[in-house]
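See below for target_21.pdb, which holds PDB, C-alpha atoms, pLDDT in the B column.
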ATOM      1  CA  MET A  26      -0.044 -30.282   8.525  1.00 46.00           C
ATOM      2  CA  SER A  27      -3.274 -28.401   8.176  1.00 48.00           C
ATOM      3  CA  THR A  28      -6.225 -27.740  10.422  1.00 45.00           C
ATOM      4  CA  ASP A  29      -9.967 -27.501  10.047  1.00 49.00           C
ATOM      5  CA  PRO A  30     -10.538 -23.729   9.755  1.00 46.00           C
ATOM      6  CA  THR A  31     -13.910 -24.086  11.501  1.00 53.00           C
ATOM      7  CA  ARG A  32     -12.395 -25.456  14.739  1.00 76.00           C
ATOM      8  CA  GLU A  33      -9.004 -23.979  15.526  1.00 86.00           C
ATOM      9  CA  ILE A  34      -6.431 -21.644  14.095  1.00 90.00           C
ATOM     10  CA  PRO A  35      -2.714 -22.172  14.649  1.00 94.00           C
ATOM     11  CA  ALA A  36      -0.985 -18.876  15.381  1.00 95.00           C
ATOM     12  CA  LEU A  37       2.218 -17.379  16.682  1.00 97.00           C
ATOM     13  CA  PHE A  38       2.070 -15.167  19.773  1.00 97.00           C
ATOM     14  CA  ILE A  39       4.756 -12.501  20.246  1.00 97.00           C
ATOM     15  CA  PRO A  40       4.711 -10.913  23.716  1.00 96.00           C
ATOM     16  CA  ASP A  41       5.636  -7.247  24.062  1.00 95.00           C
ATOM     17  CA  ASP A  42       8.668  -5.839  25.875  1.00 95.00           C
ATOM     18  CA  SER A  43       6.868  -5.859  29.234  1.00 94.00           C
ATOM     19  CA  ALA A  44       7.470  -9.642  29.223  1.00 94.00           C
ATOM     20  CA  PRO A  45      11.018  -9.929  27.832  1.00 92.00           C
ATOM     21  CA  THR A  46      11.574 -13.441  29.186  1.00 95.00           C
ATOM     22  CA  GLN A  47       8.265 -14.797  27.886  1.00 96.00           C
ATOM     23  CA  PRO A  48       9.075 -16.721  24.703  1.00 96.00           C
ATOM     24  CA  ILE A  49       7.448 -16.344  21.327  1.00 97.00           C
ATOM     25  CA  THR A  50       5.035 -19.270  21.300  1.00 97.00           C
ATOM     26  CA  GLU A  51       2.961 -21.282  18.880  1.00 96.00           C
ATOM     27  CA  VAL A  52      -0.652 -21.221  20.080  1.00 95.00           C
ATOM     28  CA  THR A  53      -4.007 -22.546  18.935  1.00 92.00           C
ATOM     29  CA  VAL A  54      -6.875 -20.090  18.786  1.00 89.00           C
ATOM     30  CA  PRO A  55     -10.390 -21.543  19.043  1.00 84.00           C
ATOM     31  CA  PHE A  56     -12.445 -20.500  16.042  1.00 77.00           C
ATOM     32  CA  PRO A  57     -15.980 -19.614  17.129  1.00 70.00           C
ATOM     33  CA  PRO A  58     -18.954 -19.677  14.748  1.00 62.00           C
ATOM     34  CA  SER A  59     -19.075 -15.917  14.081  1.00 66.00           C
ATOM     35  CA  SER A  60     -16.595 -13.177  13.252  1.00 67.00           C
ATOM     36  CA  LEU A  61     -17.858 -11.117  16.194  1.00 66.00           C
ATOM     37  CA  GLU A  62     -16.986 -13.947  18.572  1.00 82.00           C
ATOM     38  CA  PHE A  63     -13.635 -14.386  16.799  1.00 81.00           C
ATOM     39  CA  ASN A  64     -12.837 -10.729  17.526  1.00 84.00           C
ATOM     40  CA  THR A  65     -13.689 -11.363  21.181  1.00 87.00           C
ATOM     41  CA  VAL A  66     -11.319 -14.359  21.311  1.00 88.00           C
ATOM     42  CA  ILE A  67      -8.483 -12.351  19.708  1.00 91.00           C
ATOM     43  CA  CYS A  68      -9.052  -9.414  22.066  1.00 90.00           C
ATOM     44  CA  GLN A  69      -8.960 -11.750  25.077  1.00 90.00           C
ATOM     45  CA  LEU A  70      -5.627 -13.211  23.910  1.00 90.00           C
ATOM     46  CA  LEU A  71      -4.156  -9.760  23.308  1.00 93.00           C
ATOM     47  CA  LYS A  72      -5.799  -8.316  26.446  1.00 90.00           C
ATOM     48  CA  CYS A  73      -7.285  -5.357  24.610  1.00 89.00           C
ATOM     49  CA  PRO A  74     -10.767  -3.916  23.999  1.00 90.00           C
ATOM     50  CA  GLU A  75     -10.384  -3.617  20.204  1.00 89.00           C
ATOM     51  CA  ARG A  76      -8.042  -5.274  17.739  1.00 91.00           C
ATOM     52  CA  VAL A  77      -6.749  -4.350  14.309  1.00 91.00           C
ATOM     53  CA  ALA A  78      -5.334  -6.653  11.624  1.00 92.00           C
ATOM     54  CA  GLU A  79      -2.620  -5.901   9.113  1.00 94.00           C
ATOM     55  CA  THR A  80      -1.535  -8.045   6.197  1.00 95.00           C
ATOM     56  CA  LEU A  81       2.163  -8.845   6.472  1.00 97.00           C
ATOM     57  CA  TYR A  82       2.350 -10.745   3.205  1.00 97.00           C
ATOM     58  CA  SER A  83      -0.142 -11.862   0.581  1.00 96.00           C
ATOM     59  CA  GLU A  84       0.672 -13.470  -2.730  1.00 95.00           C
ATOM     60  CA  ASP A  85      -2.602 -12.049  -4.076  1.00 94.00           C
ATOM     61  CA  LEU A  86      -1.858  -8.467  -2.983  1.00 94.00           C
ATOM     62  CA  LEU A  87       1.720  -8.792  -4.238  1.00 96.00           C
ATOM     63  CA  ALA A  88       0.315  -9.603  -7.692  1.00 94.00           C
ATOM     64  CA  VAL A  89      -1.862  -6.451  -7.470  1.00 93.00           C
ATOM     65  CA  TYR A  90       1.116  -4.341  -6.396  1.00 95.00           C
ATOM     66  CA  GLU A  91       3.065  -5.716  -9.367  1.00 94.00           C
ATOM     67  CA  GLY A  92       0.404  -4.544 -11.825  1.00 91.00           C
ATOM     68  CA  ASN A  93      -2.114  -7.387 -12.046  1.00 91.00           C
ATOM     69  CA  ALA A  94      -5.269  -5.474 -11.065  1.00 86.00           C
ATOM     70  CA  LYS A  95      -7.190  -8.651 -10.218  1.00 87.00           C
ATOM     71  CA  GLY A  96      -4.395 -10.350  -8.275  1.00 88.00           C
ATOM     72  CA  PHE A  97      -4.442 -14.126  -8.259  1.00 87.00           C
ATOM     73  CA  PRO A  98      -7.007 -15.796 -10.528  1.00 86.00           C
ATOM     74  CA  PRO A  99     -10.102 -17.453  -9.026  1.00 86.00           C
ATOM     75  CA  LYS A 100      -9.703 -20.950  -7.552  1.00 87.00           C
ATOM     76  CA  GLN A 101      -5.895 -20.625  -7.307  1.00 90.00           C
ATOM     77  CA  LYS A 102      -4.635 -21.066  -3.728  1.00 93.00           C
ATOM     78  CA  PHE A 103      -2.297 -18.511  -2.195  1.00 95.00           C
ATOM     79  CA  TYR A 104      -0.863 -17.629   1.211  1.00 96.00           C
ATOM     80  CA  VAL A 105      -1.769 -14.694   3.424  1.00 96.00           C
ATOM     81  CA  TYR A 106       0.062 -13.800   6.650  1.00 97.00           C
ATOM     82  CA  ASP A 107      -1.898 -11.487   8.952  1.00 96.00           C
ATOM     83  CA  VAL A 108      -0.924  -9.913  12.266  1.00 96.00           C
ATOM     84  CA  TYR A 109      -3.493  -8.991  14.919  1.00 94.00           C
ATOM     85  CA  MET A 110      -2.682  -6.309  17.471  1.00 93.00           C
ATOM     86  CA  ASP A 111      -4.236  -3.904  19.964  1.00 91.00           C
ATOM     87  CA  ASP A 112      -5.977  -1.129  18.049  1.00 85.00           C
ATOM     88  CA  ALA A 113      -4.839   1.455  20.617  1.00 83.00           C
ATOM     89  CA  GLY A 114      -1.517  -0.232  21.380  1.00 76.00           C
ATOM     90  CA  ASN A 115       0.700   2.640  20.276  1.00 76.00           C
ATOM     91  CA  SER A 116      -0.683   4.840  23.037  1.00 77.00           C
ATOM     92  CA  THR A 117      -1.301   2.290  25.777  1.00 83.00           C
ATOM     93  CA  ARG A 118       1.108  -0.646  25.470  1.00 89.00           C
ATOM     94  CA  SER A 119       4.790  -1.427  25.810  1.00 91.00           C
ATOM     95  CA  CYS A 120       6.960  -1.586  22.700  1.00 93.00           C
ATOM     96  CA  ASN A 121       7.292  -4.917  20.945  1.00 95.00           C
ATOM     97  CA  THR A 122      10.878  -4.952  19.762  1.00 95.00           C
ATOM     98  CA  ARG A 123      10.858  -8.659  18.879  1.00 96.00           C
ATOM     99  CA  ALA A 124       7.797  -8.309  16.626  1.00 95.00           C
ATOM    100  CA  ALA A 125       9.156  -5.169  14.961  1.00 95.00           C
ATOM    101  CA  GLN A 126      12.435  -6.918  14.114  1.00 95.00           C
ATOM    102  CA  LEU A 127      10.919 -10.258  13.099  1.00 95.00           C
ATOM    103  CA  LEU A 128       8.126  -8.761  10.986  1.00 96.00           C
ATOM    104  CA  LEU A 129      10.069  -5.776   9.603  1.00 95.00           C
ATOM    105  CA  LEU A 130       7.584  -3.364  11.131  1.00 90.00           C
ATOM    106  CA  PRO A 131       8.266   0.164  12.313  1.00 86.00           C
ATOM    107  CA  LYS A 132       8.182   0.669  16.066  1.00 86.00           C
ATOM    108  CA  SER A 133       5.444  -1.689  17.283  1.00 89.00           C
ATOM    109  CA  TYR A 134       3.423  -1.887  20.483  1.00 92.00           C
ATOM    110  CA  GLY A 135       1.643  -4.551  22.490  1.00 93.00           C
ATOM    111  CA  PRO A 136       1.533  -8.309  22.047  1.00 95.00           C
ATOM    112  CA  MET A 137       0.869  -9.606  18.534  1.00 95.00           C
ATOM    113  CA  LEU A 138      -0.740 -12.682  17.084  1.00 96.00           C
ATOM    114  CA  ILE A 139       0.254 -13.849  13.592  1.00 97.00           C
ATOM    115  CA  VAL A 140      -1.709 -16.311  11.457  1.00 95.00           C
ATOM    116  CA  LYS A 141      -0.942 -17.978   8.135  1.00 96.00           C
ATOM    117  CA  GLY A 142      -3.916 -18.702   5.924  1.00 93.00           C
ATOM    118  CA  VAL A 143      -4.341 -20.558   2.684  1.00 94.00           C
ATOM    119  CA  CYS A 144      -6.864 -18.587   0.649  1.00 93.00           C
ATOM    120  CA  VAL A 145      -8.720 -18.801  -2.612  1.00 93.00           C
ATOM    121  CA  LYS A 146     -10.984 -16.407  -4.483  1.00 89.00           C
ATOM    122  CA  ASP A 147     -14.539 -17.339  -5.349  1.00 82.00           C
ATOM    123  CA  THR A 148     -14.991 -17.642  -9.105  1.00 74.00           C
ATOM    124  CA  GLU A 149     -17.971 -15.352  -9.469  1.00 67.00           C
ATOM    125  CA  ILE A 150     -17.141 -12.315  -7.338  1.00 68.00           C
ATOM    126  CA  SER A 151     -13.465 -12.879  -6.499  1.00 69.00           C
ATOM    127  CA  GLU A 152     -14.301 -12.815  -2.786  1.00 79.00           C
ATOM    128  CA  LEU A 153     -11.448 -14.068  -0.641  1.00 81.00           C
ATOM    129  CA  ARG A 154     -12.068 -17.244   1.359  1.00 85.00           C
ATOM    130  CA  VAL A 155      -9.749 -18.862   3.869  1.00 86.00           C
ATOM    131  CA  VAL A 156      -9.766 -22.558   3.004  1.00 88.00           C
ATOM    132  CA  ASP A 157      -7.099 -23.686   5.461  1.00 90.00           C
ATOM    133  CA  GLN A 158      -4.808 -22.468   8.210  1.00 91.00           C
ATOM    134  CA  GLU A 159      -1.216 -23.629   8.577  1.00 94.00           C
ATOM    135  CA  PRO A 160       0.986 -23.633  11.650  1.00 95.00           C
ATOM    136  CA  LEU A 161       3.517 -20.839  11.799  1.00 95.00           C
ATOM    137  CA  SER A 162       6.801 -20.764  13.679  1.00 97.00           C
ATOM    138  CA  GLU A 163       9.266 -18.114  14.727  1.00 97.00           C
ATOM    139  CA  ARG A 164      11.823 -19.973  12.632  1.00 97.00           C
ATOM    140  CA  GLU A 165       9.718 -19.545   9.467  1.00 97.00           C
ATOM    141  CA  LEU A 166       9.289 -15.807  10.034  1.00 97.00           C
ATOM    142  CA  ALA A 167      12.998 -15.389  10.766  1.00 97.00           C
ATOM    143  CA  SER A 168      14.026 -17.376   7.668  1.00 97.00           C
ATOM    144  CA  SER A 169      15.815 -15.547   4.887  1.00 97.00           C
ATOM    145  CA  SER A 170      13.096 -16.723   2.508  1.00 97.00           C
ATOM    146  CA  PHE A 171      10.266 -15.076   4.467  1.00 97.00           C
ATOM    147  CA  GLN A 172      12.332 -11.980   5.262  1.00 97.00           C
ATOM    148  CA  GLU A 173      13.022 -11.458   1.550  1.00 97.00           C
ATOM    149  CA  LYS A 174       9.330 -11.968   0.680  1.00 97.00           C
ATOM    150  CA  ARG A 175       8.368  -9.480   3.384  1.00 97.00           C
ATOM    151  CA  ARG A 176      10.897  -6.880   2.176  1.00 97.00           C
ATOM    152  CA  THR A 177       9.654  -7.259  -1.399  1.00 97.00           C
ATOM    153  CA  PHE A 178       6.027  -6.983  -0.234  1.00 97.00           C
ATOM    154  CA  ILE A 179       6.758  -3.748   1.669  1.00 96.00           C
ATOM    155  CA  GLU A 180       8.699  -2.293  -1.265  1.00 97.00           C
ATOM    156  CA  LYS A 181       5.987  -3.139  -3.813  1.00 96.00           C
ATOM    157  CA  GLN A 182       3.218  -1.960  -1.453  1.00 95.00           C
ATOM    158  CA  ASN A 183       4.928   1.406  -0.957  1.00 94.00           C
ATOM    159  CA  ALA A 184       5.483   1.824  -4.710  1.00 94.00           C
ATOM    160  CA  TYR A 185       1.820   0.945  -5.368  1.00 93.00           C
ATOM    161  CA  LYS A 186       0.618   3.485  -2.785  1.00 91.00           C
ATOM    162  CA  LYS A 187       2.865   6.138  -4.324  1.00 90.00           C
ATOM    163  CA  ARG A 188       1.457   5.449  -7.794  1.00 89.00           C
ATOM    164  CA  LEU A 189      -2.088   5.778  -6.436  1.00 87.00           C
ATOM    165  CA  PHE A 190      -1.298   8.972  -4.520  1.00 86.00           C
ATOM    166  CA  ASP A 191       0.374  10.476  -7.588  1.00 86.00           C
ATOM    167  CA  LEU A 192      -2.592   9.517  -9.756  1.00 86.00           C
ATOM    168  CA  TYR A 193      -5.089  11.110  -7.356  1.00 84.00           C
ATOM    169  CA  GLN A 194      -2.978  14.265  -6.980  1.00 82.00           C
ATOM    170  CA  ASN A 195      -2.721  14.557 -10.771  1.00 83.00           C
ATOM    171  CA  GLU A 196      -6.516  14.379 -10.910  1.00 83.00           C
ATOM    172  CA  GLY A 197      -6.781  17.282  -8.439  1.00 80.00           C
ATOM    173  CA  PHE A 198      -7.549  15.407  -5.246  1.00 80.00           C
ATOM    174  CA  THR A 199      -5.947  16.296  -1.940  1.00 77.00           C
ATOM    175  CA  VAL A 200      -4.035  13.233  -0.734  1.00 68.00           C
ATOM    176  CA  ILE A 201      -3.221  12.713   2.922  1.00 74.00           C
ATOM    177  CA  SER A 202      -0.794   9.875   3.590  1.00 64.00           C
ATOM    178  CA  SER A 203       0.651   8.427   6.766  1.00 54.00           C
TER
END

Please express the file's structure as structure tokens.
Amino acid sequence: MSTDPTREIPALFIPDDSAPTQPITEVTVPFPPSSLEFNTVICQLLKCPERVAETLYSEDLLAVYEGNAKGFPPKQKFYVYDVYMDDAGNSTRSCNTRAAQLLLLPKSYGPMLIVKGVCVKDTEISELRVVDQEPLSERELASSSFQEKRRTFIEKQNAYKKRLFDLYQNEGFTVISS
């Protein structure tokens, strides 16, 4: 099943620990005509003034982390899983134990919204475009298949960052990492 990316986005909502009996739910997010309005919709769902997004898994980024500087080739479809959360959640919101465990995140805060996009790169400038959105379930994220992909993504991402930091330090730059 797929949706029209200009009308609605299927997503998975994970409440934080302040609502321990509220289930993880599949939701549909209306997709407004502009990215500014989309941010407003996400912030309303998360009940926060500003949101931040983090890529949980991307076949394109995984290819980069594994040494292919350009990632996936143009016109080839690939999946991207992104999580949206409160930008100031770590100082203002309750922990989100369920999200941290399910998404293999460090200690996490506030409610989270996860989306699964089908993307492709433009042929001329390799700009990423979302061409479709697919429904996402708690069961998919908890599956051994996704958990293994997520672990591999984290491992390769960390190794990639280390290589970059080492390269910059060897060139005399001061590197500050989190």

If the PyMOL selection byres ((chain A and resi 113-129) around 10) were run on this exact file, what residues would it hold? Put them as a PyMOL selection string. chain A and resi 38-45+49+73-77+81-82+108+110-112+130-139+163-164+166-168+171-172+175-176+179

Please, what distance in Å, to one decimal, runs between CA of Ala94 in chain A and CA of Glu159 in chain A? 27.1 Å

Might you pull out every residue within 8 Å of Tyr185 in chain A, with all atoms listed in the file counted and same-chain residues fewer than 3 positions away left off, and present them as an MDAnalysis selection string? chainID A and resid 90:91 181:182 188:189

Would you mind telling me which residue in A:Ala184, A:Val156, A:Val89, A:Leu37 lies nearest to Leu71 in chain A when using only C-alpha atoms?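 Smallest separation from Leu71 in chain A among the options: A:Leu37.
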
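Taking CA of Val143 in chain A as the reference point, CA of Val155 in chain A is found at 5.8 Å.
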
Neighbours of range 100-102 of chain A within 12 Å (all atoms listed in the file; same-chain residues fewer than 2 positions away dropped), as a PDB file with C-alpha atoms, keeping the file's coordinate frame?
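The result, written out as out.pdb:
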ATOM      1  CA  SER A  83      -0.142 -11.862   0.581  1.00 96.00           C
ATOM      2  CA  GLU A  84       0.672 -13.470  -2.730  1.00 95.00           C
ATOM      3  CA  ASP A  85      -2.602 -12.049  -4.076  1.00 94.00           C
ATOM      4  CA  GLY A  96      -4.395 -10.350  -8.275  1.00 88.00           C
ATOM      5  CA  PHE A  97      -4.442 -14.126  -8.259  1.00 87.00           C
ATOM      6  CA  PRO A  98      -7.007 -15.796 -10.528  1.00 86.00           C
ATOM      7  CA  TYR A 104      -0.863 -17.629   1.211  1.00 96.00           C
ATOM      8  CA  VAL A 105      -1.769 -14.694   3.424  1.00 96.00           C
ATOM      9  CA  GLY A 142      -3.916 -18.702   5.924  1.00 93.00           C
ATOM     10  CA  VAL A 143      -4.341 -20.558   2.684  1.00 94.00           C
ATOM     11  CA  CYS A 144      -6.864 -18.587   0.649  1.00 93.00           C
ATOM     12  CA  VAL A 145      -8.720 -18.801  -2.612  1.00 93.00           C
ATOM     13  CA  LYS A 146     -10.984 -16.407  -4.483  1.00 89.00           C
ATOM     14  CA  ASP A 147     -14.539 -17.339  -5.349  1.00 82.00           C
ATOM     15  CA  THR A 148     -14.991 -17.642  -9.105  1.00 74.00           C
ATOM     16  CA  GLU A 149     -17.971 -15.352  -9.469  1.00 67.00           C
ATOM     17  CA  ILE A 150     -17.141 -12.315  -7.338  1.00 68.00           C
ATOM     18  CA  SER A 151     -13.465 -12.879  -6.499  1.00 69.00           C
ATOM     19  CA  GLU A 152     -14.301 -12.815  -2.786  1.00 79.00           C
ATOM     20  CA  LEU A 153     -11.448 -14.068  -0.641  1.00 81.00           C
ATOM     21  CA  ARG A 154     -12.068 -17.244   1.359  1.00 85.00           C
ATOM     22  CA  VAL A 155      -9.749 -18.862   3.869  1.00 86.00           C
ATOM     23  CA  VAL A 156      -9.766 -22.558   3.004  1.00 88.00           C
ATOM     24  CA  ASP A 157      -7.099 -23.686   5.461  1.00 90.00           C
TER      25      ASP A 157
END

May I ask for the distance between CA of Glu79 in chain A and CA of Pro35 in chain A, given in Å to one decimal place?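 According to the coordinates, CA of Glu79 in chain A and CA of Pro35 in chain A are separated by 17.2 Å.
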
Check the smallest atom-to-atom distance from each of A:Phe103, A:Phe178, A:Tyr109, A:Phe198 to Lys72 in chain A using all atoms listed in the file, then report the winner.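 Using all atoms listed in the file, Lys72 in chain A sits closest to A:Tyr109.
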
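You can rank A:Asp107, A:Cys68, A:Pro99, A:Val54 by their closest distance to Thr80 in chain A using only C-alpha atoms, and at the top of that list sits A:Asp107.
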
Return the padded bounding box of range 97-115 of chain A as JSON: axis-aligned, built from all atoms listed in the file, 4 Å added on each side, with centre and edge lengths in Å to one decimal.
{"center_x": -4.7, "center_y": -9.2, "center_z": 5.4, "size_x": 18.8, "size_y": 31.7, "size_z": 39.9}

In the coordinate frame of the file, compute which residues have an atom within 6 Å of (-0.8, -19.3, 20.4) when using only C-alpha atoms, and state them as number ranges by chain. A: 36-38, 50-53
